[in-house]
Structure formats: C-alpha cells, structure tokens
$ cat entry.txt   # compact mmCIF, C-alpha atoms
# COMPACT_ATOMS: atom_id res chain seq x y z
CA MET A 1 133.19 -1.27 5.17
CA ASN A 2 130.43 -3.82 5.61
CA GLY A 3 128.57 -2.26 2.71
CA HIS A 4 131.59 -2.70 0.44
CA ARG A 5 131.94 -6.36 1.52
CA LEU A 6 128.28 -7.10 0.82
CA ALA A 7 128.54 -5.43 -2.57
CA GLY A 8 131.62 -7.48 -3.37
CA LEU A 9 129.92 -10.72 -2.29
CA ALA A 10 126.91 -9.95 -4.46
CA LEU A 11 129.08 -9.28 -7.48
CA GLY A 12 130.92 -12.57 -6.85
CA VAL A 13 127.66 -14.54 -6.77
CA ILE A 14 126.45 -12.88 -9.97
CA ALA A 15 129.78 -13.59 -11.67
CA GLY A 16 129.55 -17.23 -10.59
CA LEU A 17 126.06 -17.58 -12.01
CA PHE A 18 127.08 -16.26 -15.39
CA ALA A 19 130.54 -17.85 -15.54
CA PRO A 20 131.09 -20.14 -18.60
CA ARG A 21 130.12 -23.75 -18.01
CA ALA A 22 132.41 -26.67 -18.82
CA SER A 23 132.46 -27.44 -22.52
CA PHE A 24 130.31 -30.26 -23.83
CA ALA A 25 133.58 -31.75 -25.07
CA ASP A 26 134.28 -32.64 -21.44
CA ASP A 27 130.77 -33.85 -20.57
CA LEU A 28 130.61 -37.64 -20.91
CA ARG A 29 127.15 -38.12 -19.39
CA THR A 30 125.87 -38.70 -22.93
CA ASN A 31 127.88 -41.96 -23.00
CA GLN A 32 125.29 -43.46 -20.65
CA SER A 33 123.07 -43.91 -23.70
CA LEU A 34 125.59 -46.37 -25.18
CA VAL A 35 125.79 -48.73 -22.21
CA GLU A 36 121.98 -48.74 -21.82
CA ALA A 37 121.13 -49.05 -25.53
CA GLY A 38 122.40 -52.64 -25.55
CA ILE A 39 120.00 -53.51 -22.72
CA PHE A 40 116.94 -52.04 -24.42
CA LEU A 41 117.78 -53.58 -27.81
CA GLY A 42 118.10 -56.96 -26.08
CA HIS A 43 114.76 -56.44 -24.37
CA ALA A 44 113.11 -55.92 -27.76
CA GLU A 45 114.31 -59.41 -28.74
CA THR A 46 112.87 -60.88 -25.54
CA GLU A 47 109.47 -59.39 -26.28
CA ALA A 48 109.57 -60.63 -29.90
CA ALA A 49 110.36 -64.21 -28.84
CA PHE A 50 107.68 -64.34 -26.14
CA THR A 51 105.11 -62.97 -28.60
CA ARG A 52 106.16 -65.66 -31.09
CA LEU A 53 105.34 -68.38 -28.55
CA ASP A 54 101.68 -67.31 -28.62
CA ALA A 55 101.32 -68.36 -32.28
CA ASP A 56 98.54 -70.78 -33.21
CA ARG A 57 99.79 -74.39 -33.39
CA LYS A 58 96.68 -76.26 -34.47
CA GLU A 59 97.92 -77.03 -37.98
CA GLN A 60 98.00 -80.84 -38.32
CA THR A 61 98.48 -81.38 -42.07
CA ALA A 62 102.07 -80.19 -42.46
CA VAL A 63 104.77 -82.42 -43.94
CA LEU A 64 106.71 -82.10 -40.67
CA PRO A 65 104.04 -81.88 -37.97
CA ALA A 66 104.52 -79.28 -35.25
CA VAL A 67 107.54 -77.61 -36.95
CA LYS A 68 107.18 -73.93 -37.86
CA THR A 69 109.57 -71.38 -39.32
CA PHE A 70 109.01 -67.66 -39.33
CA VAL A 71 110.32 -64.36 -40.66
CA ASP A 72 109.82 -61.33 -38.44
CA VAL A 73 110.36 -57.77 -39.70
CA GLY A 74 110.02 -54.96 -37.22
CA ALA A 75 111.16 -51.65 -35.79
CA ALA A 76 111.44 -50.37 -32.24
CA SER A 77 112.36 -47.16 -30.46
CA TYR A 78 113.71 -46.74 -26.94
CA GLY A 79 114.99 -44.00 -24.67
CA GLN A 80 114.69 -42.02 -21.46
CA ALA A 81 113.54 -38.55 -20.46
CA GLU A 82 116.04 -36.17 -18.87
CA GLN A 83 116.01 -36.39 -15.08
CA GLY A 84 118.03 -33.96 -13.00
CA ALA A 85 121.72 -34.28 -13.85
CA ARG A 86 121.00 -37.39 -15.93
CA MET A 87 120.94 -36.74 -19.69
CA GLY A 88 117.99 -37.95 -21.73
CA TYR A 89 118.50 -40.00 -24.88
CA GLY A 90 116.63 -41.76 -27.66
CA GLY A 91 117.27 -44.42 -30.25
CA SER A 92 115.59 -46.69 -32.77
CA SER A 93 116.36 -49.82 -34.76
CA SER A 94 114.92 -51.74 -37.72
CA GLN A 95 115.02 -55.50 -37.19
CA LEU A 96 114.94 -58.72 -39.20
CA ARG A 97 114.53 -62.06 -37.41
CA LEU A 98 114.52 -65.67 -38.65
CA GLY A 99 113.45 -68.54 -36.44
CA LEU A 100 112.32 -72.12 -36.12
CA ASP A 101 110.33 -73.76 -33.35
CA ARG A 102 108.61 -77.05 -32.71
CA GLU A 103 106.05 -78.50 -30.33
CA ILE A 104 108.03 -81.49 -29.07
CA SER A 105 105.19 -82.80 -26.93
CA ASN A 106 101.71 -81.77 -25.94
CA GLY A 107 101.99 -78.18 -24.72
CA VAL A 108 105.81 -78.03 -24.84
CA VAL A 109 107.41 -75.78 -27.49
CA VAL A 110 111.12 -75.07 -28.04
CA GLY A 111 112.71 -72.79 -30.60
CA VAL A 112 115.64 -70.67 -31.72
CA MET A 113 115.69 -67.19 -33.24
CA ALA A 114 118.48 -65.16 -34.86
CA GLY A 115 118.26 -61.58 -36.01
CA GLY A 116 120.01 -58.38 -36.91
CA GLY A 117 119.22 -54.71 -36.95
CA ALA A 118 120.45 -51.26 -37.89
CA GLY A 119 119.56 -47.98 -36.25
CA ASP A 120 120.80 -44.92 -34.38
CA VAL A 121 121.14 -43.46 -30.90
CA SER A 122 121.55 -39.86 -29.71
CA SER A 123 121.95 -38.01 -26.42
CA GLY A 124 122.75 -34.32 -26.06
CA ASP A 125 125.69 -33.60 -28.37
CA LEU A 126 126.37 -37.32 -29.04
CA SER A 127 125.01 -39.27 -31.99
CA GLY A 128 125.91 -42.54 -33.66
CA GLY A 129 124.70 -45.55 -35.60
CA THR A 130 124.08 -49.10 -34.37
CA LEU A 131 124.53 -52.50 -36.02
CA SER A 132 123.29 -55.42 -33.93
CA GLN A 133 123.18 -59.22 -34.04
CA HIS A 134 121.03 -61.34 -31.73
CA VAL A 135 120.55 -65.05 -30.95
CA ASP A 136 117.92 -66.49 -28.58
CA VAL A 137 116.69 -69.93 -27.56
CA TYR A 138 113.29 -70.11 -25.95
CA GLY A 139 110.55 -72.44 -24.83
CA ARG A 140 107.07 -72.69 -23.39
CA VAL A 141 105.25 -75.22 -21.24
CA LYS A 142 101.44 -75.12 -21.10
CA ARG A 143 99.32 -77.18 -18.76
CA GLY A 144 95.61 -76.59 -18.92
CA SER A 145 94.99 -72.85 -18.86
CA LEU A 146 98.40 -71.98 -17.32
CA PHE A 147 101.70 -71.51 -19.13
CA ALA A 148 105.32 -70.55 -18.49
CA LYS A 149 107.94 -69.25 -20.93
CA LEU A 150 111.72 -69.18 -20.65
CA LEU A 151 114.44 -67.53 -22.77
CA PHE A 152 118.24 -67.32 -22.94
CA GLY A 153 120.05 -65.14 -25.43
CA GLY A 154 122.84 -62.78 -26.33
CA SER A 155 123.57 -59.76 -28.51
CA ILE A 156 126.48 -57.86 -30.02
CA VAL A 157 125.86 -54.20 -30.81
CA GLY A 158 128.43 -52.21 -32.76
CA PHE A 159 128.33 -48.45 -32.33
CA ARG A 160 129.71 -46.88 -35.48
CA ALA A 161 130.31 -43.30 -36.57
CA ILE A 162 129.91 -41.89 -33.06
CA ASP A 163 130.45 -38.15 -33.01
CA ARG A 164 130.36 -35.95 -29.92
CA GLY A 165 131.03 -32.41 -28.79
CA PRO A 166 130.36 -28.89 -30.05
CA ASP A 167 130.25 -28.30 -33.80
CA GLU A 168 133.59 -26.51 -33.87
CA SER A 169 135.42 -29.35 -32.09
CA ARG A 170 133.65 -32.65 -32.67
CA THR A 171 135.27 -35.98 -31.84
CA PHE A 172 134.63 -39.29 -33.63
CA GLY A 173 134.61 -42.74 -32.08
CA ARG A 174 133.57 -46.39 -32.11
CA SER A 175 132.66 -49.01 -29.52
CA VAL A 176 131.13 -52.48 -29.10
CA SER A 177 128.50 -53.69 -26.64
CA ARG A 178 128.02 -57.35 -25.66
CA ASN A 179 124.88 -58.46 -23.88
CA VAL A 180 123.62 -61.71 -22.33
CA ARG A 181 120.07 -62.17 -21.05
CA SER A 182 117.60 -64.55 -19.49
CA ALA A 183 113.88 -64.06 -19.06
CA ALA A 184 110.80 -65.82 -17.75
CA GLN A 185 107.09 -65.19 -18.09
CA VAL A 186 104.10 -66.87 -16.45
CA GLY A 187 100.42 -66.44 -17.21
CA GLY A 188 97.13 -68.04 -17.99
CA ASP A 189 94.17 -68.02 -20.40
CA VAL A 190 90.52 -67.66 -19.51
CA SER A 191 87.56 -67.37 -21.88
CA VAL A 192 84.98 -64.65 -21.23
CA ARG A 193 82.04 -64.64 -23.70
CA GLY A 194 84.16 -65.69 -26.63
CA VAL A 195 87.12 -63.46 -25.71
CA LYS A 196 90.35 -65.08 -24.53
CA VAL A 197 91.80 -63.02 -21.69
CA SER A 198 95.48 -63.62 -20.86
CA PRO A 199 97.21 -61.91 -17.92
CA THR A 200 101.00 -62.38 -17.74
CA LEU A 201 103.86 -61.41 -15.44
CA GLY A 202 107.47 -61.43 -16.60
CA VAL A 203 110.98 -60.57 -15.50
CA ALA A 204 114.11 -60.26 -17.65
CA LEU A 205 117.73 -60.02 -16.51
CA TYR A 206 120.44 -58.34 -18.59
CA ALA A 207 124.22 -58.05 -18.25
CA ASN A 208 125.86 -55.63 -20.66
CA ALA A 209 129.52 -54.76 -21.32
CA LEU A 210 130.51 -51.76 -23.44
CA SER A 211 134.17 -51.96 -24.46
CA GLY A 212 136.83 -50.34 -26.58
CA TYR A 213 135.45 -46.80 -26.60
CA ARG A 214 137.94 -44.56 -28.40
CA GLU A 215 137.58 -41.08 -29.84
CA SER A 216 139.76 -39.17 -32.28
CA GLY A 217 139.83 -35.61 -33.52
CA GLY A 218 138.52 -32.56 -31.72
CA ASP A 219 140.25 -30.73 -28.89
CA ASN A 220 139.61 -33.25 -26.13
CA ALA A 221 139.11 -36.84 -27.32
CA PHE A 222 138.45 -39.46 -24.62
CA SER A 223 138.78 -43.21 -24.37
CA TYR A 224 137.99 -45.93 -21.85
CA LYS A 225 138.50 -49.67 -21.76
CA SER A 226 135.08 -50.91 -20.63
CA ARG A 227 131.84 -50.08 -18.89
CA HIS A 228 129.43 -52.63 -17.36
CA ALA A 229 125.75 -52.54 -16.47
CA GLN A 230 123.18 -55.00 -15.11
CA ALA A 231 119.42 -54.56 -15.25
CA ALA A 232 116.21 -56.34 -14.24
CA ILE A 233 113.03 -55.37 -16.11
CA GLY A 234 109.59 -56.44 -14.93
CA SER A 235 106.51 -56.50 -17.13
CA PHE A 236 102.77 -57.00 -16.80
CA ARG A 237 100.35 -57.57 -19.67
CA LEU A 238 96.60 -58.05 -19.84
CA LYS A 239 95.76 -59.25 -23.34
CA ALA A 240 92.38 -59.89 -24.94
CA THR A 241 92.01 -61.98 -28.12
CA ARG A 242 88.91 -62.48 -30.26
CA ALA A 243 88.61 -64.54 -33.46
CA PHE A 244 86.19 -63.61 -36.23
CA ARG A 245 85.41 -66.04 -39.03
CA ILE A 246 85.37 -64.52 -42.52
CA ASP A 247 84.17 -67.66 -44.31
CA ARG A 248 84.23 -71.41 -43.75
CA SER A 249 88.01 -71.65 -44.14
CA HIS A 250 89.33 -68.28 -43.02
CA LYS A 251 89.28 -66.28 -39.82
CA VAL A 252 90.90 -63.11 -38.47
CA GLU A 253 92.21 -62.91 -34.93
CA LEU A 254 92.22 -59.49 -33.26
CA GLN A 255 94.26 -58.67 -30.16
CA ALA A 256 94.62 -55.76 -27.78
CA PHE A 257 96.61 -55.39 -24.57
CA VAL A 258 97.45 -52.95 -21.80
CA GLY A 259 100.25 -53.25 -19.27
CA ALA A 260 103.38 -51.74 -17.82
CA ASP A 261 107.17 -52.14 -17.92
CA GLU A 262 109.30 -51.17 -14.93
CA MET A 263 113.03 -51.21 -14.18
CA LEU A 264 113.17 -53.39 -11.07
CA GLY A 265 116.90 -52.99 -10.55
CA PHE A 266 119.90 -51.39 -12.25
CA SER A 267 123.59 -51.02 -11.48
CA THR A 268 126.58 -49.78 -13.41
CA ASP A 269 130.19 -48.96 -12.68
CA ALA A 270 131.32 -45.35 -12.84
CA LEU A 271 132.63 -44.14 -16.16
CA ARG A 272 136.35 -43.33 -15.92
CA ALA A 273 137.79 -42.03 -19.15
CA THR A 274 141.27 -40.82 -20.09
CA SER A 275 141.73 -37.74 -22.22
CA ARG A 276 144.24 -38.27 -25.01
CA SER A 277 145.23 -34.61 -24.89
CA THR A 278 145.58 -34.03 -21.13
CA GLY A 279 145.68 -37.53 -19.61
CA ALA A 280 142.99 -36.47 -17.13
CA VAL A 281 140.54 -39.01 -15.73
CA ARG A 282 136.88 -38.08 -15.46
CA GLN A 283 133.87 -39.72 -13.80
CA SER A 284 130.38 -39.40 -15.24
CA TRP A 285 127.04 -39.26 -13.47
CA LYS A 286 125.78 -42.83 -13.13
CA GLY A 287 122.01 -42.39 -12.91
CA HIS A 288 119.29 -45.02 -13.24
CA PRO A 289 117.04 -45.66 -16.26
CA THR A 290 113.32 -46.40 -16.03
CA GLY A 291 111.09 -48.87 -17.85
CA ARG A 292 108.78 -48.00 -20.72
CA GLY A 293 106.03 -47.16 -18.24
CA VAL A 294 102.42 -47.67 -19.31
CA VAL A 295 102.18 -49.67 -22.54
CA GLY A 296 99.35 -50.70 -24.85
CA GLY A 297 99.02 -52.30 -28.24
CA VAL A 298 96.90 -53.90 -30.93
CA GLY A 299 97.42 -56.71 -33.42
CA LEU A 300 95.77 -58.98 -35.97
CA GLY A 301 96.57 -62.30 -37.54
CA THR A 302 95.17 -64.51 -40.28
CA ALA A 303 96.01 -67.52 -42.45
CA LEU A 304 97.10 -66.61 -45.98
CA ALA A 305 97.10 -70.21 -47.20
CA LYS A 306 97.33 -73.71 -45.82
CA GLY A 307 100.27 -73.72 -43.42
CA VAL A 308 101.02 -70.01 -43.98
CA GLU A 309 100.02 -67.36 -41.44
CA MET A 310 100.66 -63.64 -41.09
CA SER A 311 100.40 -61.31 -38.12
CA LEU A 312 100.84 -57.56 -37.59
CA SER A 313 101.26 -55.78 -34.27
CA TYR A 314 101.99 -52.33 -32.84
CA ASP A 315 102.52 -51.12 -29.30
CA TYR A 316 103.10 -47.77 -27.61
CA GLY A 317 104.70 -46.84 -24.29
CA ALA A 318 104.94 -43.58 -22.38
CA ARG A 319 106.99 -42.56 -19.34
CA ASP A 320 107.89 -39.07 -18.06
CA GLY A 321 106.75 -37.46 -21.31
CA PHE A 322 108.92 -39.77 -23.46
CA ALA A 323 107.15 -42.10 -25.92
CA THR A 324 108.42 -45.43 -27.29
CA HIS A 325 107.04 -47.49 -30.16
CA ALA A 326 107.39 -51.02 -31.55
CA GLY A 327 105.91 -52.68 -34.62
CA ARG A 328 106.27 -56.18 -36.06
CA ALA A 329 105.11 -58.06 -39.14
CA ARG A 330 105.56 -61.84 -38.96
CA LEU A 331 105.15 -64.54 -41.60
CA GLY A 332 104.95 -68.09 -40.25
CA ILE A 333 105.20 -71.26 -42.36
CA SER A 334 104.45 -74.85 -41.36
CA PHE A 335 106.28 -77.58 -43.29
$ encode --input "entry.txt" --output "structure tokens"
Amino acid sequence: MNGHRLAGLALGVIAGLFAPRASFADDLRTNQSLVEAGIFLGHAETEAAFTRLDADRKEQTAVLPAVKTFVDVGAASYGQAEQGARMGYGGSSSQLRLGLDREISNGVVVGVMAGGGAGDVSSGDLSGGTLSQHVDVYGRVKRGSLFAKLLFGGSIVGFRAIDRGPDESRTFGRSVSRNVRSAAQVGGDVSVRGVKVSPTLGVALYANALSGYRESGGDNAFSYKSRHAQAAIGSFRLKATRAFRIDRSHKVELQAFVGADEMLGFSTDALRATSRSTGAVRQSWKGHPTGRGVVGGVGLGTALAKGVEMSLSYDYGARDGFATHAGRARLGISF
C-alpha cells in the first residue's frame, strides 16, 4: 500500500512540473517596463541639461553677451536585466532638444530646455512605441573651483501601438505617462598638469504616473486606470578634460569620464488590472529596477566659427550583463 502511495505521489509531482503554465496573455509583469520607461527617459534629460551647463562661456564679443542657444540631437537606450520573477526589458529613443541659457552674473547661469523624442520599448511578449515631450529649467552657481547645479522638469510620454500576448491572441493598447523631476549636482574643478579633473556627485528624484492603459482584441484584454512610481537615482562622475590648440585661433577640447549610476530608492503601487472578458483582477510582481551601473564616456568639442561651437559625446553603461548607451551632438550659438 505504501508503495502505491509513493508511486502516486511521484506521478503527481511529475505531472505538476510539466503542467501547462499560465498563458502570457495573463502575465502583466511586462507592464512594469511602461511605468519605469518614463523615469529613465526623464533621467536622460537630466543628464543632457547638466552636461550643457559645462559649456565654455568665455565668449565676450557676442551681440547679446552671455546669452547662448543650442540644438542638441541625441539617442539613448535604457533597460534592465531579468532578475528572478522580475521581467527584463529594453528601450531606446532618439531625441531633439532646443534650449537657451544665460550667465546672469559672474558664475551664475540659468536656462530652459525643451525637447521631444521617438522610440520603442519591449519586455517579454510586450512591445510598443514611445513619443515623448520634455521641458526643463536649470541653473548653476560656481564659486572658485566649486559648483552646484539644480534642475526642475517634466515629461509626457505617449505609449502607442502597444501589443502584448502570444502570436495567436495578441492584444493592442495605448497609455500615457506623466513625469515630474528635480535634480541636484555638486562638484569641483582642479587642474593637474594641464588636465582639468572634475569629480561630481548627483541625485535626481522622479515621480511618474502611468494612466489610461487599455487593451483591445485578443482573448484576454486588460485595462487599469493608473499606476504610480517614485525613484531616486544617485550618480558619481570623475571627468578629465584637456584642451589642445590646433592653431592660434582654434582648439579642440577632449573629455573622458568614469563613474556609476545607482537606484537609491524606488517604490510603486501594485498593478491591479481588470480583464474585459472575465472581470478578474490581477496583481503583478512589483520588483525594483537598478541604475545603469558602471558608466564611462568620451567627448570632444571645438569652435566652428566665432560664437559657434560644436560638441560630440558618447557614454556606455553596464549592469548585470545589460548594456546601455547614450550619444549627443550639440551645436551652440552665441548672439
């Protein structure tokens, strides 16, 4: 008798191991990529604005002294590696930014930047496109070799053409993400044998709301009213800058940096979605994202003409086997 019971138990365990898993159509963990994408797209704007504040401001012959405009064209990728029950995801966006800033007094710069971008995001069986708009106001105060930067901004990210689920029963949806942010960075400059070395520490706070998620089609379309997330991202950079003169009136400035990005804090409410077909309510795994990890980059800048400057930059990050990239080309004009 005991032998028959053991045999039956063994068969039950084997049957459980090979039993069909829940369909991807019911797995909403991939939606985590949508609520976090708005945070990482906003963080790309923070980094672009803080980099802009490092621009050379020694031009004194402009029609409007100390006023500069700029056009910034770039691209950035973001994402997370899969961790346990948490789904991995990846995304990218091309960006165009326009801005104006001015040195209102010795060492004090204020400015505003507006931009937009288009890209995509994917996680598991979910994929979709993104259209984003961003606005930021920023400033910097420098006293001697020390400086501090501050930024406030917001973004709207539209997720379009979202499709999810297995090929034979895909659903289609849309949603909108709204993000507000503030950030601060402190650092200093020191010259070492003709090389300017600049260590910086920064922290950025993000509040993101994903709303109006609705799916249609498929066998099990879901919807939910809203999802909220808050994040704090810390960063460290150690940058080295060296200028090389080409001739009497032109020089090239080369830069390189190493550093790290880390998620200092993150919270989100549980995802509770209603199925249009069954009325059931589900709760996703919440999970916690990480920062970009170890980062490094290079850049160069030069003056194309009197009052016109150009800079190019690229940086790379790696965390848990997942790589992220960012590149920018900026044209600055003094009036």
$ closest_residue --input "entry.txt" --among "A:Thr200, A:Thr268, A:Ser191, A:Thr274" --to "Lys225 of chain A" --atoms "all atoms listed in the file"
A:Thr274
$ atom_distance --input "entry.txt" --atom1 "atom CA of Asp219 of chain A" --atom2 "atom CA of Asp167 of chain A"
11.4 Å
$ closest_residue --input "entry.txt" --among "A:Gly332, A:Gly279, A:Gly296, A:Gly307" --to "Ser223 of chain A" --atoms "only C-alpha atoms"
A:Gly279
$ residues_around --input "entry.txt" --residues "segment 148-157 of chain A" --least-positions-apart "5" --cutoff "8 Å" --atoms "only C-alpha atoms" --output "NGL selection string"
:A and (38 or 42 or 46 or 50 or 130-142 or 176-187)
$ write_last_selection --input "entry.txt" --atoms "C-alpha atoms" --output "mmCIF file, in the coordinates of the input"
data_model
loop_
_atom_site.group_PDB
_atom_site.id
_atom_site.type_symbol
_atom_site.label_atom_id
_atom_site.label_comp_id
_atom_site.auth_asym_id
_atom_site.auth_seq_id
_atom_site.Cartn_x
_atom_site.Cartn_y
_atom_site.Cartn_z
ATOM 1 C CA GLY A 38 122.400 -52.640 -25.550
ATOM 2 C CA GLY A 42 118.100 -56.960 -26.080
ATOM 3 C CA THR A 46 112.870 -60.880 -25.540
ATOM 4 C CA PHE A 50 107.680 -64.340 -26.140
ATOM 5 C CA THR A 130 124.080 -49.100 -34.370
ATOM 6 C CA LEU A 131 124.530 -52.500 -36.020
ATOM 7 C CA SER A 132 123.290 -55.420 -33.930
ATOM 8 C CA GLN A 133 123.180 -59.220 -34.040
ATOM 9 C CA HIS A 134 121.030 -61.340 -31.730
ATOM 10 C CA VAL A 135 120.550 -65.050 -30.950
ATOM 11 C CA ASP A 136 117.920 -66.490 -28.580
ATOM 12 C CA VAL A 137 116.690 -69.930 -27.560
ATOM 13 C CA TYR A 138 113.290 -70.110 -25.950
ATOM 14 C CA GLY A 139 110.550 -72.440 -24.830
ATOM 15 C CA ARG A 140 107.070 -72.690 -23.390
ATOM 16 C CA VAL A 141 105.250 -75.220 -21.240
ATOM 17 C CA LYS A 142 101.440 -75.120 -21.100
ATOM 18 C CA VAL A 176 131.130 -52.480 -29.100
ATOM 19 C CA SER A 177 128.500 -53.690 -26.640
ATOM 20 C CA ARG A 178 128.020 -57.350 -25.660
ATOM 21 C CA ASN A 179 124.880 -58.460 -23.880
ATOM 22 C CA VAL A 180 123.620 -61.710 -22.330
ATOM 23 C CA ARG A 181 120.070 -62.170 -21.050
ATOM 24 C CA SER A 182 117.600 -64.550 -19.490
ATOM 25 C CA ALA A 183 113.880 -64.060 -19.060
ATOM 26 C CA ALA A 184 110.800 -65.820 -17.750
ATOM 27 C CA GLN A 185 107.090 -65.190 -18.090
ATOM 28 C CA VAL A 186 104.100 -66.870 -16.450
ATOM 29 C CA GLY A 187 100.420 -66.440 -17.210
#
$ atom_distance --input "entry.txt" --atom1 "atom CA of Leu271 of chain A" --atom2 "atom CA of Ser175 of chain A"
14.2 Å
$ axis_aligned_box --input "entry.txt" --around "segment 94-100 of chain A" --padding-each-side "6 Å" --output "lines of an AutoDock Vina configuration file"
center_x = 113.7
center_y = -61.9
center_z = -37.7
size_x = 14.7
size_y = 32.4
size_z = 15.1
$ residues_near_point --input "entry.txt" --point "(113.8, -46.4, -32.3)" --cutoff "12 Å" --atoms "all atoms listed in the file" --output "JSON, numbers by chain"
{"A": [37, 40, 41, 44, 74, 75, 76, 77, 78, 79, 80, 89, 90, 91, 92, 93, 94, 95, 117, 118, 119, 120, 121, 122, 129, 130, 316, 323, 324, 325, 326, 327]}
$ closest_residue --input "entry.txt" --among "A:Thr51, A:Ser216, A:Ser334, A:Ser311" --to "Thr69 of chain A" --atoms "only C-alpha atoms"
A:Ser334
$ atom_distance --input "entry.txt" --atom1 "atom CA of Leu100 of chain A" --atom2 "atom CA of His250 of chain A"
24.3 Å
$ closest_residue --input "entry.txt" --among "A:Leu312, A:Val190, A:Leu28, A:Leu34" --to "Leu210 of chain A" --atoms "all atoms listed in the file"
A:Leu34
$ closest_residue --input "entry.txt" --among "A:Leu304, A:Ala114, A:Ala81, A:Ala229" --to "Gly321 of chain A" --atoms "all atoms listed in the file"
A:Ala81
$ closest_residue --input "entry.txt" --among "A:Val71, A:Ala303, A:Ile233, A:Ala221" --to "Arg245 of chain A" --atoms "only C-alpha atoms"
A:Ala303
$ residues_around --input "entry.txt" --residues "Val294 of chain A" --least-positions-apart "2" --cutoff "9 Å" --atoms "all atoms listed in the file" --output "VMD selection string"
chain A and resid 258 to 262 291 to 292 296 316 to 319
$ residues_around --input "entry.txt" --residues "Ala256 of chain A" --least-positions-apart "2" --cutoff "8 Å" --atoms "all atoms listed in the file" --output "list in words"
Lys239, Ala240, Thr241, Leu254, Val258, Gly296, Gly297, Val298 and Gly299 of chain A
$ residues_near_point --input "entry.txt" --point "(124.1, -39.8, -22.4)" --cutoff "10 Å" --atoms "only C-alpha atoms" --output "list in words"
Asp27, Leu28, Arg29, Thr30, Asn31, Gln32, Ser33, Leu34, Val35, Glu36, Gln80, Glu82, Arg86, Met87, Gly88, Tyr89, Gly90, Val121, Ser122, Ser123, Gly124, Asp125, Leu126, Ser127, Ser284, Trp285 and Lys286 of chain A
$ build_atoms --input "entry.txt" --residues "segment 247-253 of chain A" --atoms "all heavy atoms" --output "PDB file, in the coordinates of the input"
ATOM      1  N   ASP A 247      84.949 -66.668 -43.583  1.00  0.00           N
ATOM      2  CA  ASP A 247      84.170 -67.660 -44.310  1.00  0.00           C
ATOM      3  C   ASP A 247      84.448 -69.013 -43.670  1.00  0.00           C
ATOM      4  O   ASP A 247      85.035 -69.087 -42.589  1.00  0.00           O
ATOM      5  CB  ASP A 247      84.493 -67.643 -45.817  1.00  0.00           C
ATOM      6  CG  ASP A 247      85.989 -67.795 -46.084  1.00  0.00           C
ATOM      7  OD1 ASP A 247      86.653 -68.584 -45.375  1.00  0.00           O
ATOM      8  OD2 ASP A 247      86.512 -67.131 -46.996  1.00  0.00           O
ATOM      9  N   ARG A 248      84.095 -70.085 -44.349  1.00  0.00           N
ATOM     10  CA  ARG A 248      84.230 -71.410 -43.750  1.00  0.00           C
ATOM     11  C   ARG A 248      85.683 -71.802 -43.501  1.00  0.00           C
ATOM     12  O   ARG A 248      85.959 -72.606 -42.622  1.00  0.00           O
ATOM     13  CB  ARG A 248      83.556 -72.452 -44.646  1.00  0.00           C
ATOM     14  CG  ARG A 248      82.054 -72.270 -44.780  1.00  0.00           C
ATOM     15  CD  ARG A 248      81.450 -73.341 -45.651  1.00  0.00           C
ATOM     16  NE  ARG A 248      81.663 -74.672 -45.090  1.00  0.00           N
ATOM     17  CZ  ARG A 248      81.296 -75.800 -45.682  1.00  0.00           C
ATOM     18  NH1 ARG A 248      80.700 -75.747 -46.880  1.00  0.00           N
ATOM     19  NH2 ARG A 248      81.512 -76.969 -45.101  1.00  0.00           N
ATOM     20  N   SER A 249      86.617 -71.230 -44.252  1.00  0.00           N
ATOM     21  CA  SER A 249      88.010 -71.650 -44.140  1.00  0.00           C
ATOM     22  C   SER A 249      88.966 -70.556 -43.672  1.00  0.00           C
ATOM     23  O   SER A 249      90.154 -70.814 -43.536  1.00  0.00           O
ATOM     24  CB  SER A 249      88.500 -72.191 -45.497  1.00  0.00           C
ATOM     25  OG  SER A 249      88.351 -71.220 -46.503  1.00  0.00           O
ATOM     26  N   HIS A 250      88.452 -69.366 -43.436  1.00  0.00           N
ATOM     27  CA  HIS A 250      89.330 -68.280 -43.020  1.00  0.00           C
ATOM     28  C   HIS A 250      88.763 -67.541 -41.822  1.00  0.00           C
ATOM     29  O   HIS A 250      87.542 -67.376 -41.701  1.00  0.00           O
ATOM     30  CB  HIS A 250      89.534 -67.270 -44.173  1.00  0.00           C
ATOM     31  CG  HIS A 250      90.294 -67.808 -45.331  1.00  0.00           C
ATOM     32  ND1 HIS A 250      89.683 -68.490 -46.364  1.00  0.00           N
ATOM     33  CD2 HIS A 250      91.629 -67.783 -45.621  1.00  0.00           C
ATOM     34  CE1 HIS A 250      90.595 -68.842 -47.249  1.00  0.00           C
ATOM     35  NE2 HIS A 250      91.782 -68.434 -46.818  1.00  0.00           N
ATOM     36  N   LYS A 251      89.669 -67.107 -40.956  1.00  0.00           N
ATOM     37  CA  LYS A 251      89.280 -66.280 -39.820  1.00  0.00           C
ATOM     38  C   LYS A 251      90.359 -65.240 -39.548  1.00  0.00           C
ATOM     39  O   LYS A 251      91.525 -65.397 -39.950  1.00  0.00           O
ATOM     40  CB  LYS A 251      89.056 -67.141 -38.574  1.00  0.00           C
ATOM     41  CG  LYS A 251      90.309 -67.778 -38.017  1.00  0.00           C
ATOM     42  CD  LYS A 251      90.010 -68.562 -36.738  1.00  0.00           C
ATOM     43  CE  LYS A 251      91.298 -69.180 -36.173  1.00  0.00           C
ATOM     44  NZ  LYS A 251      91.035 -69.931 -34.910  1.00  0.00           N
ATOM     45  N   VAL A 252      89.971 -64.171 -38.875  1.00  0.00           N
ATOM     46  CA  VAL A 252      90.900 -63.110 -38.470  1.00  0.00           C
ATOM     47  C   VAL A 252      90.893 -63.047 -36.953  1.00  0.00           C
ATOM     48  O   VAL A 252      89.829 -63.069 -36.317  1.00  0.00           O
ATOM     49  CB  VAL A 252      90.484 -61.753 -39.062  1.00  0.00           C
ATOM     50  CG1 VAL A 252      91.356 -60.636 -38.488  1.00  0.00           C
ATOM     51  CG2 VAL A 252      90.595 -61.780 -40.572  1.00  0.00           C
ATOM     52  N   GLU A 253      92.076 -62.982 -36.377  1.00  0.00           N
ATOM     53  CA  GLU A 253      92.210 -62.910 -34.930  1.00  0.00           C
ATOM     54  C   GLU A 253      92.677 -61.506 -34.537  1.00  0.00           C
ATOM     55  O   GLU A 253      93.715 -61.035 -34.995  1.00  0.00           O
ATOM     56  CB  GLU A 253      93.219 -63.952 -34.453  1.00  0.00           C
ATOM     57  CG  GLU A 253      93.242 -64.160 -32.953  1.00  0.00           C
ATOM     58  CD  GLU A 253      94.126 -65.314 -32.542  1.00  0.00           C
ATOM     59  OE1 GLU A 253      95.357 -65.102 -32.533  1.00  0.00           O
ATOM     60  OE2 GLU A 253      93.617 -66.417 -32.256  1.00  0.00           O
TER      61      GLU A 253
END
